[in-house]
Amino acid sequence: MAKANLLNTSTTNFLELIGNGRVYRVPAYQRDYSWTEEQWEDMWNDVIAVAERQDDVHYMGALVVEGRSDREFAIIDGQQRIATLSVMALAVIDRLQSIADAGTDANPNRQRAAALRSRFIGEKDPASLVEASKLSLNATDDAFYQDYLVQLRPPLNPRGLPKSNRLLWHCFEYFRRRLGDLPYADDGHRLATLLSESVGRQLMFIRIAVDDELNAYTVFETLNARGLELSVTDLLKNYLFSLLRVGADLQALQRRWQALIATVQQERFPEFLRYHLQCELPRVRSQRLFKVVRDRVRSSVDVFALMEHLERRAELYAALFDPNHGYWIDRPECRPYVRELYFFRVRQMTPLVFAAWERLDPADFARVLKLVSILLFRYSVVSGLNTNALEPLFHEAAKGLLDGNISSPAGVFNTVRRVYVDDARFEQDFGRLSLDPSGQSRKVVRYVLARLESDASQRDCDPETDPGTVEHVLPENPSAAWEAAIPRDHWEAAAYRLGNLALLEAAANRGIGNSSYADKRDAYRLSAYALAQDVATRAPHDWTLEHLEERQAAMARRAVAIWRSDFP
């Protein structure tokens, strides 16, 4: 393919796609075959539907390929669909041969099977007379595909096969069963038509041909994610493996890659890599991640250097979002802050955590975690400010630690000070805070109430283990009796204000339900929770919006002292 053709798009049917001597290769270390019966059934139903409407077509989505020559293409995205269609074609060919072997139109059906094999599976080179397969799968699946499926040879021990090989075999068996259930299961002419016309000519692809991995990545990023089979992680992996030429290196990288992905998880690897790079680079956008890696990693030496750095940080990355991770057994002082970061669902601080782990002693690392937790609670949870502004500062602090320009938690605070919400703004925003205990904020609600309760009662109240339940003074579904104290048009907003919430014993909470305030007040007076008692003290007769505002303002003043940095 000429390098001037950065991207070539065409709409083509399946038969045109694999015709004219074209061959398609799944890169050796791309993801294994993974489709299951759910996807096979969808594809079978699509084929049967278009077979019944011969003038109709069905779009199979985009197929992204990288041109290696005029006739050879690497499949960047779409290997699951192409592999499944090829297995379906083999099932039809197998059915035709079985019909012929049973004596039904033996010669015509053998000719049909041979013609379909040549058209869909492989052709003999006219010079060498060697059959060239139109499709080659990855390192795990290709040998099984070529030696068993293409040859229509059943494996001796299917249960002993690797998982992806078993799936390919089960896929073949699935289509063979569905063909056998057709009302025309023994009609060779109609079976051949099903493959050559319905599959070959009525299934349409958008074929996108690119000239290198970078353009393939760009296409991947801009296509609608629906229907894409290849992840960003797969593309990055394929690029790294493409730089290796020695078999031993490929095997070593495969082992290390599998261990790395098992630690950080396939879907989270791009985020992990991006935060790793942000320790050195100020802004690494997700859309440019592949380009950054390609610019920095150009040889096998670079590949293994990158792997070594990633391996050092992988376990910490996994532990940072799991307060129960074994990483924190020897550092129990870190666990409360890790749990808070987990509640807050904010991750921009990750490069700073990497750097603090590598450059500070355990005590100072814990102080940085505490600082980050307080900063994010003020900035993101309460004030709701734009978290994109955090990344440049967390990069600056991380790089300062790694370069030796920052050597203490106080130095970290000085670097990120500009995003530390001051006490006046924090108190104001906390005084207006609303949180829905039934949504994604549920853990945050319990966390905030538990911290306020601990401070008010001077006893430990753990948000995860404390048996108290979240009580709405004004119920979520108030009765008409509440309208005398709080106007109906204020109910929805007031119910989720923090000043309307408290922790309460589960039995008491069930007992009062949506009762009147008088019944609730008596339960609050008897409660062991200081915040519940405070409601009854502040509002001895009725619960009004004024009482709610007054109580939340007091909570906000308390919060300023609870969530305060250790540094002036």
# chains A, B, ... in the order shown; residues from 1 in each chain; ligands from 1
>>> select_by_dssp(residues="segment 313-383 of chain A", states="alpha helix (DSSP H)", output="NGL selection string")
:A and (313-320 or 335-344 or 350-359 or 362-376)
>>> residues_around(residues="segment 355-364 of chain A", least_positions_apart="5", cutoff="8 Å", atoms="only C-alpha atoms", output="PyMOL selection string")
chain A and resi 279+331+398-399+401-402+407-409
>>> write_last_selection(atoms="all heavy atoms", output="mmCIF file, in the first residue's frame")
data_model
loop_
_atom_site.group_PDB
_atom_site.id
_atom_site.type_symbol
_atom_site.label_atom_id
_atom_site.label_comp_id
_atom_site.auth_asym_id
_atom_site.auth_seq_id
_atom_site.Cartn_x
_atom_site.Cartn_y
_atom_site.Cartn_z
ATOM 1 N N CYS A 279 3.968 11.083 35.311
ATOM 2 C CA CYS A 279 5.025 11.365 36.284
ATOM 3 C C CYS A 279 6.123 12.212 35.645
ATOM 4 O O CYS A 279 6.810 12.975 36.334
ATOM 5 C CB CYS A 279 5.625 10.068 36.815
ATOM 6 S SG CYS A 279 4.537 9.151 37.915
ATOM 7 N N ARG A 331 0.969 -1.431 56.194
ATOM 8 C CA ARG A 331 0.857 0.025 56.320
ATOM 9 C C ARG A 331 -0.594 0.384 56.685
ATOM 10 O O ARG A 331 -1.287 1.055 55.933
ATOM 11 C CB ARG A 331 1.263 0.712 55.022
ATOM 12 C CG ARG A 331 2.715 0.465 54.644
ATOM 13 C CD ARG A 331 3.201 1.493 53.666
ATOM 14 N NE ARG A 331 4.580 1.265 53.271
ATOM 15 C CZ ARG A 331 5.325 2.138 52.598
ATOM 16 N NH1 ARG A 331 4.805 3.298 52.243
ATOM 17 N NH2 ARG A 331 6.565 1.863 52.269
ATOM 18 N N ALA A 398 4.615 15.407 41.396
ATOM 19 C CA ALA A 398 5.248 14.100 41.173
ATOM 20 C C ALA A 398 6.646 14.268 40.600
ATOM 21 O O ALA A 398 7.602 13.640 41.080
ATOM 22 C CB ALA A 398 4.386 13.266 40.225
ATOM 23 N N LYS A 399 6.766 15.107 39.601
ATOM 24 C CA LYS A 399 8.084 15.304 38.978
ATOM 25 C C LYS A 399 9.056 15.954 39.958
ATOM 26 O O LYS A 399 10.247 15.626 39.997
ATOM 27 C CB LYS A 399 7.946 16.157 37.720
ATOM 28 C CG LYS A 399 9.236 16.220 36.901
ATOM 29 C CD LYS A 399 8.979 16.645 35.484
ATOM 30 C CE LYS A 399 10.282 16.769 34.697
ATOM 31 N NZ LYS A 399 11.044 15.512 34.686
ATOM 32 N N LEU A 401 9.135 15.524 43.185
ATOM 33 C CA LEU A 401 9.609 14.456 44.065
ATOM 34 C C LEU A 401 10.630 13.569 43.363
ATOM 35 O O LEU A 401 11.698 13.257 43.919
ATOM 36 C CB LEU A 401 8.434 13.604 44.542
ATOM 37 C CG LEU A 401 7.560 14.172 45.670
ATOM 38 C CD1 LEU A 401 6.291 13.349 45.816
ATOM 39 C CD2 LEU A 401 8.336 14.205 46.990
ATOM 40 N N LEU A 402 10.318 13.159 42.139
ATOM 41 C CA LEU A 402 11.214 12.243 41.419
ATOM 42 C C LEU A 402 12.534 12.900 41.068
ATOM 43 O O LEU A 402 13.578 12.238 41.044
ATOM 44 C CB LEU A 402 10.515 11.736 40.158
ATOM 45 C CG LEU A 402 9.283 10.840 40.406
ATOM 46 C CD1 LEU A 402 8.546 10.576 39.111
ATOM 47 C CD2 LEU A 402 9.705 9.519 41.053
ATOM 48 N N SER A 407 11.099 17.270 48.775
ATOM 49 C CA SER A 407 11.584 16.165 49.622
ATOM 50 C C SER A 407 10.706 15.902 50.830
ATOM 51 O O SER A 407 11.075 15.103 51.695
ATOM 52 C CB SER A 407 13.014 16.474 50.100
ATOM 53 O OG SER A 407 13.044 17.708 50.819
ATOM 54 N N SER A 408 9.528 16.547 50.899
ATOM 55 C CA SER A 408 8.701 16.381 52.090
ATOM 56 C C SER A 408 7.232 16.590 51.738
ATOM 57 O O SER A 408 6.907 17.213 50.714
ATOM 58 C CB SER A 408 9.106 17.397 53.163
ATOM 59 O OG SER A 408 8.779 18.711 52.720
ATOM 60 N N PRO A 409 6.316 16.121 52.594
ATOM 61 C CA PRO A 409 4.890 16.403 52.380
ATOM 62 C C PRO A 409 4.586 17.896 52.354
ATOM 63 O O PRO A 409 3.714 18.341 51.608
ATOM 64 C CB PRO A 409 4.217 15.709 53.561
ATOM 65 C CG PRO A 409 5.159 14.605 53.936
ATOM 66 C CD PRO A 409 6.528 15.163 53.705
#
>>> residues_around(residues="Leu376 of chain A", least_positions_apart="6", cutoff="10 Å", atoms="only C-alpha atoms", output="MDAnalysis selection string")
chainID A and resid 340:341 344:349 370 382:385 387 390 419:421
>>> write_last_selection(atoms="C-alpha atoms", output="PDB file, in the first residue's frame")
ATOM      1  CA  GLU A 340     -11.577   7.738  51.254  1.00  0.00           C
ATOM      2  CA  LEU A 341     -10.038   8.023  47.780  1.00  0.00           C
ATOM      3  CA  PHE A 344     -14.442   9.906  46.179  1.00  0.00           C
ATOM      4  CA  ARG A 345     -13.903   8.189  42.783  1.00  0.00           C
ATOM      5  CA  VAL A 346     -11.166  10.646  41.800  1.00  0.00           C
ATOM      6  CA  ARG A 347      -7.893   9.386  40.290  1.00  0.00           C
ATOM      7  CA  GLN A 348      -5.960  12.403  39.049  1.00  0.00           C
ATOM      8  CA  MET A 349      -3.623  12.177  42.058  1.00  0.00           C
ATOM      9  CA  LYS A 370      -3.946  12.191  53.912  1.00  0.00           C
ATOM     10  CA  VAL A 382     -17.788  19.418  48.301  1.00  0.00           C
ATOM     11  CA  SER A 383     -16.944  22.316  45.982  1.00  0.00           C
ATOM     12  CA  GLY A 384     -17.477  20.298  42.787  1.00  0.00           C
ATOM     13  CA  LEU A 385     -14.643  22.010  40.893  1.00  0.00           C
ATOM     14  CA  THR A 387     -10.904  17.889  38.219  1.00  0.00           C
ATOM     15  CA  LEU A 390      -5.689  18.894  39.056  1.00  0.00           C
ATOM     16  CA  VAL A 419      -6.152  23.949  44.364  1.00  0.00           C
ATOM     17  CA  TYR A 420      -6.623  23.602  48.112  1.00  0.00           C
ATOM     18  CA  VAL A 421     -10.058  25.157  48.684  1.00  0.00           C
TER      19      VAL A 421
END
>>> closest_residue(among="A:Ala561, A:Ile486, A:Ala185, A:Ala132", to="Thr104 of chain A", atoms="only C-alpha atoms")
A:Ala185
>>> residues_around(residues="Ile261 of chain A", least_positions_apart="4", cutoff="12 Å", atoms="only C-alpha atoms", output="PDB file with C-alpha atoms, in the first residue's frame")
ATOM      1  CA  THR A 233      -4.808  -2.057  25.460  1.00  0.00           C
ATOM      2  CA  ASP A 234      -4.710  -4.486  22.527  1.00  0.00           C
ATOM      3  CA  LYS A 237       0.245  -4.399  23.185  1.00  0.00           C
ATOM      4  CA  LEU A 253       7.354 -10.245  27.003  1.00  0.00           C
ATOM      5  CA  GLN A 254       4.264 -12.432  26.734  1.00  0.00           C
ATOM      6  CA  ARG A 255       4.829 -13.798  30.247  1.00  0.00           C
ATOM      7  CA  ARG A 256       5.485 -10.382  31.731  1.00  0.00           C
ATOM      8  CA  TRP A 257       2.593  -8.775  29.864  1.00  0.00           C
ATOM      9  CA  GLN A 265      -6.763  -5.310  34.569  1.00  0.00           C
ATOM     10  CA  GLN A 266      -7.167  -5.074  30.803  1.00  0.00           C
ATOM     11  CA  GLU A 267      -9.705  -2.255  30.753  1.00  0.00           C
ATOM     12  CA  ARG A 268      -7.734  -0.087  33.202  1.00  0.00           C
ATOM     13  CA  PHE A 269      -4.329  -0.476  31.585  1.00  0.00           C
ATOM     14  CA  PRO A 270      -4.571   2.688  29.391  1.00  0.00           C
ATOM     15  CA  PHE A 272      -2.497   3.150  34.375  1.00  0.00           C
ATOM     16  CA  LEU A 273      -0.097   3.832  31.504  1.00  0.00           C
ATOM     17  CA  MET A 307       7.860  -2.924  31.155  1.00  0.00           C
ATOM     18  CA  LEU A 310       5.333  -0.369  34.718  1.00  0.00           C
ATOM     19  CA  GLU A 311       5.905  -3.509  36.760  1.00  0.00           C
ATOM     20  CA  ALA A 314       1.441  -1.940  38.858  1.00  0.00           C
ATOM     21  CA  GLU A 315       0.762  -3.386  42.296  1.00  0.00           C
ATOM     22  CA  TYR A 317      -1.861   1.174  41.201  1.00  0.00           C
ATOM     23  CA  ALA A 318      -4.112  -1.821  41.870  1.00  0.00           C
TER      24      ALA A 318
END
>>> residues_around(residues="Glu464 of chain A", least_positions_apart="2", cutoff="8 Å", atoms="only C-alpha atoms", output="number ranges by chain")
A: 446, 462, 466
>>> write_last_selection(atoms="C-alpha atoms", output="PDB file, in the first residue's frame")
ATOM      1  CA  ARG A 446     -22.090   7.474  55.080  1.00  0.00           C
ATOM      2  CA  ASP A 462     -16.617   3.672  60.951  1.00  0.00           C
ATOM      3  CA  ASP A 466     -21.083   1.062  61.974  1.00  0.00           C
TER       4      ASP A 466
END
>>> residues_around(residues="Leu545 of chain A", least_positions_apart="2", cutoff="10 Å", atoms="only C-alpha atoms", output="list in words")
Leu474, Ala485, Ile486, Pro487, His490, Trp491, Ala494, Gly499, Asn500, Asp542, Trp543, His547, Leu548, Glu549, Glu550 and Arg551 of chain A
>>> closest_residue(among="A:Arg497, A:Arg313, A:Arg31, A:Arg71", to="Leu236 of chain A", atoms="only C-alpha atoms")
A:Arg31
>>> residues_around(residues="Ala49 of chain A", least_positions_apart="6", cutoff="10 Å", atoms="only C-alpha atoms", output="number ranges by chain")
A: 43, 56-58, 198
>>> atom_distance(atom1="atom CA of Ala424 of chain A", atom2="atom CA of Met555 of chain A")
13.8 Å
>>> closest_residue(among="A:Thr193, A:Asn388, A:Ser438, A:Ser527", to="Glu476 of chain A", atoms="only C-alpha atoms")
A:Ser438
>>> closest_residue(among="A:Leu116, A:Ala495, A:Ala553, A:Leu375", to="Asn477 of chain A", atoms="only C-alpha atoms")
A:Ala495
>>> closest_residue(among="A:Thr469, A:Ser373, A:Asn45, A:Thr415", to="Arg178 of chain A", atoms="only C-alpha atoms")
A:Asn45
>>> closest_residue(among="A:Asp429, A:Glu396, A:Asp32, A:Asp181", to="Gln79 of chain A", atoms="only C-alpha atoms")
A:Asp32
>>> select_by_dssp(residues="segment 202-335 of chain A", states="strand (DSSP E)", output="NGL selection string")
:A and (203-210)
>>> atom_distance(atom1="atom CA of Arg95 of chain A", atom2="atom CA of Ala143 of chain A")
22.8 Å
